[in-house]
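Working notes for the structure below.
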Amino acid sequence: MKNLGTLYCYELRKLLTKRMAWVTTFLLAALMIYTACPPSSAGIGATFTLTDREGHTTSQYLSMAEQGKINREGDLPIRGLPMDEEFFRQVRELPLFSGEYLLPDRSTAHSYFMAVDPRFSWASSMIEDIPDLDAATVTAERFYAGRQQLLERVWQMEGLSEQDTAYWQAMEAKVPKPFVYQNIWGSRDMLDARPAFLAEIIPLAAAVFLCGVFAEDKRARTDTLIFSSRYGWLPLYLAKVLAGCTAVLAGCGMIMGAVSAAISLKGNMSGLDAAVQLRCLKSSLPITLGQAILILWGLLLLYSLLCGGVTMLISALTKNSTAALVVPALLVLIQMLRIPAPERITGYMPNCMFDSISVLSDVHLVHILGMTFNKLQFGYLLYGLLTVLLLALCWLGWRRSAAGRA
């Protein structure tokens, strides 16, 4: 064990000097940056039309860049305002809701907020998400009472026990009210699309980095020499696993850091201190959007270790780099097919765990040894235990690779 540090550095250097791994990482990072910050298309836009009660029609064409600027800056005058009775009084008195404009459908309201006054656009959408609530008559009391009724309806529909209902009531009591309005345009993008997309490409990044971590010994015909030293198995195994975990965290961390930096430099990282309820009204988690992003991105890093464990296990069992590269990709494809299975199983698959709205509003709880875990907490526990299990199986599989046993 005294040479573990030397072995670790040697194995890590082998992984970090793989040209294909870094080429793949840079390509995936570039893809993520492109999807997060696509180039503006000057020729693409939309015309917003609305009609007042006297029959006069107003139309305005806005490019995608102009629409983005309105979304980012249009509500600057009301940022930081508490969503109290005064706030909702201003909503009721908007010309849109006071009868000055005709409202045949929801698109008309969107046209008003884009072409006339964008200040209360997101607040209006929150009001629409609560059944039986009308922006023309909304009050602070009705808004929060309506949201509470919505939560209780969800708890009842999901068949929660009294114990689970009490848990969420306690969580809801910790949510600060009234909410403080913030523009969540930038953080919403970070929260909604990026984790789900990253979950699809992380297995590929992990496979490219680690497909040869155990298979290379077989290809280089050094396995017999390695296994001739019985007491060197464990230190070398630990060095390989630790180096593999470090490399996959470095690669995935680079991709995540690149997309975060790109969005930040574009000036879209607004609303990090906003209550998560401004994005997910049915959530009772007492956290901010910034904390939600950190929790999901931390889970993504743990998921990268899980993917690394899968790749290293296949590498140890098959001694074949190609198999270790292809199988994780196949697992991603199978996951995307959404094969029917009980929700308690599919709910913890990556495509569900990194669907931010779904996971933040999920009310199902897991009880283990007298402890209660919500979905995010149990996700960390589950992914962590699976990672440890896979790495333990790597050890068993690698031991069987000793001369005459594989």
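Residues in the structure tokens are numbered from 1 in each chain, the chains being A, B, ... in the order shown, and ligands are numbered from 1 in the order shown.
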### Task
Write out as a ChimeraX atom specification the residues lying within 12 Å of A:Val208, counting only C-alpha atoms and excluding same-chain residues fewer than 2 positions away.
/A:15-16,18-25,28,201-206,210-213,244,247-248,251-252,307-308,311-312,315,321-329
### Task
Might you pull out every residue within 12 Å of A:Tyr380, with only C-alpha atoms counted and same-chain residues fewer than 5 positions away left off, and present them as a PyMOL selection string?
chain A and resi 295-303+305-306+348+350+353+373-375+385-387
Go ahead and save the picked residues with N, CA and C atoms, as an mmCIF file, in the first residue's frame.
```
data_model
loop_
_atom_site.group_PDB
_atom_site.id
_atom_site.type_symbol
_atom_site.label_atom_id
_atom_site.label_comp_id
_atom_site.auth_asym_id
_atom_site.auth_seq_id
_atom_site.Cartn_x
_atom_site.Cartn_y
_atom_site.Cartn_z
ATOM 1 N N ILE A 295 -27.674 21.152 -6.396
ATOM 2 C CA ILE A 295 -28.062 19.795 -6.000
ATOM 3 C C ILE A 295 -28.110 18.878 -7.220
ATOM 4 N N LEU A 296 -28.739 19.341 -8.301
ATOM 5 C CA LEU A 296 -28.846 18.513 -9.499
ATOM 6 C C LEU A 296 -27.491 18.321 -10.169
ATOM 7 N N TRP A 297 -26.667 19.355 -10.176
ATOM 8 C CA TRP A 297 -25.362 19.214 -10.806
ATOM 9 C C TRP A 297 -24.429 18.361 -9.951
ATOM 10 N N GLY A 298 -24.591 18.411 -8.639
ATOM 11 C CA GLY A 298 -23.840 17.498 -7.786
ATOM 12 C C GLY A 298 -24.257 16.053 -8.034
ATOM 13 N N LEU A 299 -25.550 15.848 -8.229
ATOM 14 C CA LEU A 299 -26.038 14.511 -8.546
ATOM 15 C C LEU A 299 -25.515 14.056 -9.903
ATOM 16 N N LEU A 300 -25.351 15.000 -10.836
ATOM 17 C CA LEU A 300 -24.764 14.657 -12.134
ATOM 18 C C LEU A 300 -23.327 14.158 -11.978
ATOM 19 N N LEU A 301 -22.559 14.779 -11.100
ATOM 20 C CA LEU A 301 -21.191 14.324 -10.873
ATOM 21 C C LEU A 301 -21.187 12.923 -10.272
ATOM 22 N N LEU A 302 -22.116 12.669 -9.349
ATOM 23 C CA LEU A 302 -22.228 11.329 -8.785
ATOM 24 C C LEU A 302 -22.650 10.329 -9.865
ATOM 25 N N TYR A 303 -23.541 10.773 -10.748
ATOM 26 C CA TYR A 303 -23.969 9.919 -11.857
ATOM 27 C C TYR A 303 -22.802 9.619 -12.787
ATOM 28 N N LEU A 305 -19.751 9.190 -11.835
ATOM 29 C CA LEU A 305 -19.024 8.099 -11.178
ATOM 30 C C LEU A 305 -19.740 6.775 -11.376
ATOM 31 N N LEU A 306 -21.070 6.804 -11.333
ATOM 32 C CA LEU A 306 -21.846 5.590 -11.570
ATOM 33 C C LEU A 306 -21.590 5.068 -12.994
ATOM 34 N N TYR A 348 -36.302 6.677 -10.832
ATOM 35 C CA TYR A 348 -34.918 6.943 -10.444
ATOM 36 C C TYR A 348 -33.951 6.731 -11.597
ATOM 37 N N PRO A 350 -32.020 8.037 -14.930
ATOM 38 C CA PRO A 350 -31.497 9.390 -15.194
ATOM 39 C C PRO A 350 -32.455 10.295 -15.956
ATOM 40 N N MET A 353 -34.675 11.439 -13.136
ATOM 41 C CA MET A 353 -34.000 12.122 -12.037
ATOM 42 C C MET A 353 -33.517 13.513 -12.433
ATOM 43 N N PHE A 373 -36.553 9.961 3.291
ATOM 44 C CA PHE A 373 -35.807 10.598 2.207
ATOM 45 C C PHE A 373 -36.773 11.051 1.124
ATOM 46 N N ASN A 374 -36.616 12.290 0.673
ATOM 47 C CA ASN A 374 -37.360 12.696 -0.521
ATOM 48 C C ASN A 374 -36.613 12.186 -1.750
ATOM 49 N N LYS A 375 -37.130 12.471 -2.937
ATOM 50 C CA LYS A 375 -36.569 11.864 -4.147
ATOM 51 C C LYS A 375 -35.126 12.282 -4.381
ATOM 52 N N LEU A 385 -24.708 4.244 -3.556
ATOM 53 C CA LEU A 385 -24.604 2.812 -3.238
ATOM 54 C C LEU A 385 -24.344 1.988 -4.493
ATOM 55 N N LEU A 386 -24.994 2.342 -5.590
ATOM 56 C CA LEU A 386 -24.764 1.612 -6.840
ATOM 57 C C LEU A 386 -23.326 1.789 -7.325
ATOM 58 N N THR A 387 -22.787 2.977 -7.143
ATOM 59 C CA THR A 387 -21.397 3.212 -7.539
ATOM 60 C C THR A 387 -20.446 2.354 -6.725
#
```
### Task
Quick one: pick out all helix (DSSP H, G or I) residues within stretch 137-274 of chain A from a backbone DSSP run and write them as a ChimeraX atom specification.
/A:140-157,162-173,185-192,194-210,215-219,223-227,230-265
### Task
Using only C-alpha atoms, pick whichever of A:Tyr8, A:Gly159, A:Met171, A:Lys177 has the shortest atom-to-atom distance to A:Ala140.
A:Lys177
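Nearest to A:Ala136 of all the residues A:Trp122, A:Phe209, A:Phe97, A:Tyr167 is A:Phe97, based on only C-alpha atoms.
Minimum distance to A:Pro195 across A:Phe354, A:Phe26, A:Tyr10, A:Tyr112 (counting only C-alpha atoms) occurs at A:Phe354.
Remark: for A:Val366, the closest of the candidate residues A:Leu198, A:Val259, A:Leu160, A:Leu285 is A:Leu160 (distances computed over only C-alpha atoms).
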### Message
Applying 9 Å and only C-alpha atoms, which residues near A:Asp75 remain after dropping the ones on its own chain fewer than 3 positions away? List them as a PyMOL selection string.
### Response
chain A and resi 70-72+78-79+117-122+182-183
Write a file of the selected residues as a tab-separated table (two decimals), in the first residue's frame, keeping C-alpha atoms.
```tsv
chain	number	residue	atom	x	y	z
A	70	ILE	CA	-37.33	41.55	-23.27
A	71	ASN	CA	-37.37	38.30	-21.30
A	72	ARG	CA	-34.09	39.17	-19.58
A	78	ILE	CA	-40.36	44.75	-10.25
A	79	ARG	CA	-37.43	42.52	-9.35
A	117	ASP	CA	-45.56	45.77	-20.98
A	118	PRO	CA	-43.37	42.77	-20.06
A	119	ARG	CA	-43.17	43.39	-16.32
A	120	PHE	CA	-45.64	40.82	-14.96
A	121	SER	CA	-45.30	38.15	-17.64
A	122	TRP	CA	-43.92	35.41	-15.41
A	182	GLN	CA	-37.09	37.60	-9.39
A	183	ASN	CA	-36.33	37.15	-13.06
```
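Here atom CA of A:Arg188 stands at a distance of 9.8 Å from atom CA of A:Val276.
All residues within stretch 60-267 of chain A that the backbone DSSP calculation assigns to strand (DSSP E) are Gln60, Tyr61, Leu62 and Ser63 of chain A.
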Hey, what's within 8 Å of A:Ser284 if we count only C-alpha atoms and toss same-chain stuff fewer than 5 positions away? As a tab-separated table (two decimals) with N, CA, C and O atoms, in the first residue's frame, please?
```tsv
chain	number	residue	atom	x	y	z
A	168	TRP	N	-44.45	16.78	4.19
A	168	TRP	CA	-44.50	17.87	3.23
A	168	TRP	C	-45.13	19.12	3.83
A	168	TRP	O	-44.78	20.25	3.43
A	171	MET	N	-42.23	20.72	5.45
A	171	MET	CA	-41.37	21.35	4.45
A	171	MET	C	-41.99	22.65	3.93
A	171	MET	O	-41.31	23.67	3.79
A	172	GLU	N	-43.29	22.60	3.67
A	172	GLU	CA	-43.99	23.78	3.16
A	172	GLU	C	-43.95	24.92	4.16
A	172	GLU	O	-43.87	26.10	3.78
A	175	VAL	N	-40.97	27.15	3.69
A	175	VAL	CA	-40.86	27.95	2.47
A	175	VAL	C	-41.20	29.40	2.79
A	175	VAL	O	-42.31	29.69	3.25
A	277	GLN	N	-39.99	27.79	-5.93
A	277	GLN	CA	-41.41	27.79	-6.25
A	277	GLN	C	-41.74	28.74	-7.41
A	277	GLN	O	-42.77	28.58	-8.05
A	361	SER	N	-40.89	18.48	-7.87
A	361	SER	CA	-42.28	18.43	-7.41
A	361	SER	C	-42.72	17.04	-7.00
A	361	SER	O	-43.87	16.85	-6.58
```
